[in-house]
Amino acid sequence: MNLTREEARGRADLLEIESYHVTLDLRRPERTFGSTTVVRFRAEAGSSTFIDAVTDSVHEVVLNGRPLDPAEVSDGVRIQLPHLEANNELRIVSDALYMNTGEGLHRFVDPVDNEVYLYSQFEVPDARRMFAVFEQPDLKASFTFTVTAPSHWTVVSNSPAPRPHQADDGNSIWEFPPTESISSYITALIAGPYGSVKSELTSSDGRTIELGVYARKSLMQYLDVENIFDLTRKGFEFYEQQFDTPYPFTKYDQLFVPEFNAGAMENAGAVTFLENYIFRSKVTDAMVERRAITILHELAHMWFGDLVTMRWWNDLWLNESFAEFMSTLAAAENTEWKQAWTTFASLEKSWAYRQDQLPTTHPIVAEIRDLEDVQVNFDGITYAKGASVLKQLVAWVGRDEFMEGVRRYFAKHAWRNTELKDLLAELEASSGRDLALWSSHWLETAGVNTIRPEIETDGGEIITSFTVVQSAPDEYPSIRPHRLAIGFYDLDVAQDGTGSGKLVRNHRLELDISAERTSVPELVGLECPDFVLVNDDDLAYAKVRLDDSSLETAKHHLKDFADSLPRTLVWGSAWDAARDGETPARRYVDLVLNNIAYESDSSVILVLLRQLTSALTFYVHPEARKDTTAAAAESLWSLASNADGGTDAQLQFAKAFAALARTSGQLDRVAGLLDGAPALNGLDVDTDLRWELLTSLVAGGRADTAAIDDELARDNTSSGQRAAALAKAAVPTPEAKDRVWQSVVVKDENSKAMQQAQIAGFTRVHDTALLVPYVDKYFDAVPGIVESRTHELSQQIVVGLFPAQLTTARTQDKTDAFLATLPASSNSLRRLMLENRDGIARALKAQQADQSEAV
């Protein structure tokens, strides 16, 4: 299953692929489907190679008219191809397996109407689960799909859907036209009785581009298609103008599919999305914004990733980082989400900083030796740090120069495969900057720098010296070049006491730094402000620390920033300090609860509440955790009660309260909300919120499985079934935990989506003693799970069932002992376990700091 880079490089040197014709028979109801591949390709005469094909059985292999014995050439994963000619035609007839893991061709049955829905998910190496293919991104080809399926189905692929013709009783055949020359991982097939809404737009070159939005029939009533089409049109307009390149494909479908593993996937002209982006209940503005960013992210991939594609997966970061950067830029400049960079700082950058401080951090340009390396590198470095560094690069070379380089890149490399050096060459030509040193500092080294101001005054209010100090961790001692801005902020209060009372920026200086200490003479002689921010506008990728005076101002006036971005950067600095054990966790908890009511950005509130929960769960000292959590829940109830009825903030505070409710009185209030008591004016307790409230009661021992079954009877949908599974897994008894363990670990009887729900419920405990019996069982089971299950299923278990809440030296010792037994070849498992261990070590350090504060 594991293709190495050297194997791929050798195959790319040997082959040139012309076309695939893939014929699929989807009439079989449950386990397998028929898959026939005819591929035409050129090769070095007399050479040999292999084609990837993960199959249930292979019936026929014919190479250039010569039958090969499937028993001799196929092992269920690869098919060997000996004695190639200069021009070759290969025909493979096989049976492939439907999947329930979100990999390959995923099969789902809707419990509402028992209809079958299929969709493909191929990134990284899973097109081979649907058809035989030379599975690597630099062997592009044209793909033609012919599909036989029930006549009442909708069938969608990369090319425009043809009019089907009848095959036999109740079934039809769809013969799609050939695609453009694309990589196999962005081919797609979506089939089933999906509903759809159609529209169109005119591209910059005058073509009519058909638009489609699809979902399961049972969810169509919730689909807000006008918002999706509006965002799509704004994205097309922005990208075609910025890239000076028309949309490269013939149509653009967006399909919301069940049990999807990620947020979305950039299949050319047929993008698939997580079904959670269909809102059947009231959701936070943060969720609506996340959908908008995701829609724009996948659309950006149509140019960067699909039109021009990386040669090998070591440039995966560039693919994802570019889309992440451009989607935020498009949202901020061409949609209603003007605060997108605030969200980026709060969400993406906090993820990047967290990932970059793990022992498994790596350079942005990672060493990708094989497919296993790729699968574990879909991480915060690949997405969030890469996008942050691109933002830094734009500031470094200039926005206009950056876009000019991108335009040249698309014009020169359309429909081809590239490497990082190809993009940097165009950016150097457009900007006049030599990027070799920048690239070596930012892309080839790991770790995050910390920057802080060092300010001296004349003893009064005038600055006599201003220095930006840059440091790096001992493990990754790179001092890097940064383009950053320094902002001066003062409280807007006039002498007579009037004014806005806001912290307002009154001076900004943008400069380059590249040393451990950089003097800033331009600020000497200025009056020292109330607050100094050394990464104003968040241009640089670096952790920020405040000088003592600014820190004091922030403590009292965090809520008073006139703009959301600088406030968010201060929030980030405070969270860094809590995670690093520099400040006690309870002080951070107080900071959040005392200021979050004044936060206006939904995504920032979402992140702060997540971080609050993490601080309570992992960083507050265990002796104080119960009381601190109960007090935090009480504060959240007050925040929800005082928030305007029906607002986003009220909904977020209410959900966070229910998740943290511990005392009898708090659980009484949760029960009251579930029973319809008007305790929070204006709060709409709809279907999804009912499940959250019920799960809170279950975890607190106040509701049983009968109550869960009653709720499931009200909501017997796929979402309801997952919510019920989570709630039953949260029942606080040894018997309930054992049932989950047997189902997930021992029997392997779930889809990935159901497994995810059960794991989330299993770890939802008030008393961590329920998890103690599973520590040894976990370490005993993990090697077999990794060996026998797909990457998606095994990673979910290795991370999700790790005893992270048992933050003790014993857990750390058990993890160390397990790591010592791993063979050198277990790279993926070693990485996941090192990251698990880091969480324990970080928590123990933070708890010690929190205990010291109490003493």
# chains A, B, ... in the order shown; residues from 1 in each chain; ligands from 1
call {"tool": "select_by_dssp", "arguments": {"residues": "stretch 569-728 of chain A", "states": "alpha helix (DSSP H)", "output": "ChimeraX atom specification"}}
result
/A:569-579,585-595,602-614,622-642,648-660,664-675,687-699,705-714,718-728
call {"tool": "residues_around", "arguments": {"residues": "A:Asp686", "least_positions_apart": "2", "cutoff": "10 Å", "atoms": "only C-alpha atoms", "output": "PyMOL selection string"}}
result
chain A and resi 280-282+674+683-684+688-691
call {"tool": "atom_distance", "arguments": {"atom1": "atom CA of A:Leu680", "atom2": "atom CA of A:Gln650"}}
result
8.5 Å
call {"tool": "residues_around", "arguments": {"residues": "stretch 834-847 of chain A", "least_positions_apart": "4", "cutoff": "10 Å", "atoms": "only C-alpha atoms", "output": "PyMOL selection string"}}
result
chain A and resi 355+357-361+577-586+614-615+617-624+798-800+802-809+811-816+819+829-830+851-853
call {"tool": "write_last_selection", "arguments": {"atoms": "C-alpha atoms", "output": "short mmCIF file (atom, residue, chain, number, x, y, z; two decimals), in the first residue's frame"}}
result
data_model
loop_
_atom_site.label_atom_id
_atom_site.label_comp_id
_atom_site.auth_asym_id
_atom_site.auth_seq_id
_atom_site.Cartn_x
_atom_site.Cartn_y
_atom_site.Cartn_z
CA GLN A 355 1.75 22.24 15.82
CA GLN A 357 5.89 23.47 19.17
CA LEU A 358 5.36 19.73 19.08
CA PRO A 359 8.40 17.43 19.09
CA THR A 360 7.25 16.24 15.66
CA THR A 361 7.34 19.67 14.06
CA ALA A 577 1.82 31.95 27.88
CA ALA A 578 -0.72 29.66 29.56
CA ARG A 579 0.18 26.69 27.33
CA ASP A 580 3.87 27.29 27.90
CA GLY A 581 3.43 27.29 31.67
CA GLU A 582 4.59 30.90 31.90
CA THR A 583 1.36 32.09 33.48
CA PRO A 584 -1.04 30.02 35.64
CA ALA A 585 -3.98 28.43 33.86
CA ARG A 586 -6.49 29.84 36.35
CA SER A 614 -8.61 22.91 27.29
CA ALA A 615 -7.26 24.98 30.16
CA THR A 617 -9.36 19.96 31.33
CA PHE A 618 -5.58 19.82 31.11
CA TYR A 619 -3.81 22.86 32.58
CA VAL A 620 -5.60 23.73 35.83
CA HIS A 621 -4.09 21.75 38.70
CA PRO A 622 -6.14 18.60 39.44
CA GLU A 623 -6.80 19.62 43.04
CA ALA A 624 -8.49 22.81 41.84
CA VAL A 798 -4.59 6.28 18.30
CA VAL A 799 -5.30 9.96 18.96
CA GLY A 800 -8.88 9.81 20.23
CA PHE A 802 -5.12 8.06 24.12
CA PRO A 803 -5.57 8.64 27.90
CA ALA A 804 -4.94 12.37 27.55
CA GLN A 805 -7.18 13.29 30.47
CA LEU A 806 -5.12 11.14 32.82
CA THR A 807 -2.39 13.75 33.05
CA THR A 808 -0.07 11.87 35.34
CA ALA A 809 3.56 10.84 35.37
CA THR A 811 0.68 8.00 31.70
CA GLN A 812 3.84 9.70 30.50
CA ASP A 813 5.96 6.74 31.61
CA LYS A 814 3.64 4.27 29.88
CA THR A 815 3.88 6.30 26.69
CA ASP A 816 7.68 6.40 26.91
CA LEU A 819 7.68 4.37 22.22
CA LEU A 829 2.58 5.63 14.74
CA ARG A 830 5.70 7.03 16.38
CA GLN A 851 -0.26 25.01 41.60
CA SER A 852 2.57 27.45 42.29
CA GLU A 853 0.13 30.33 41.76
#
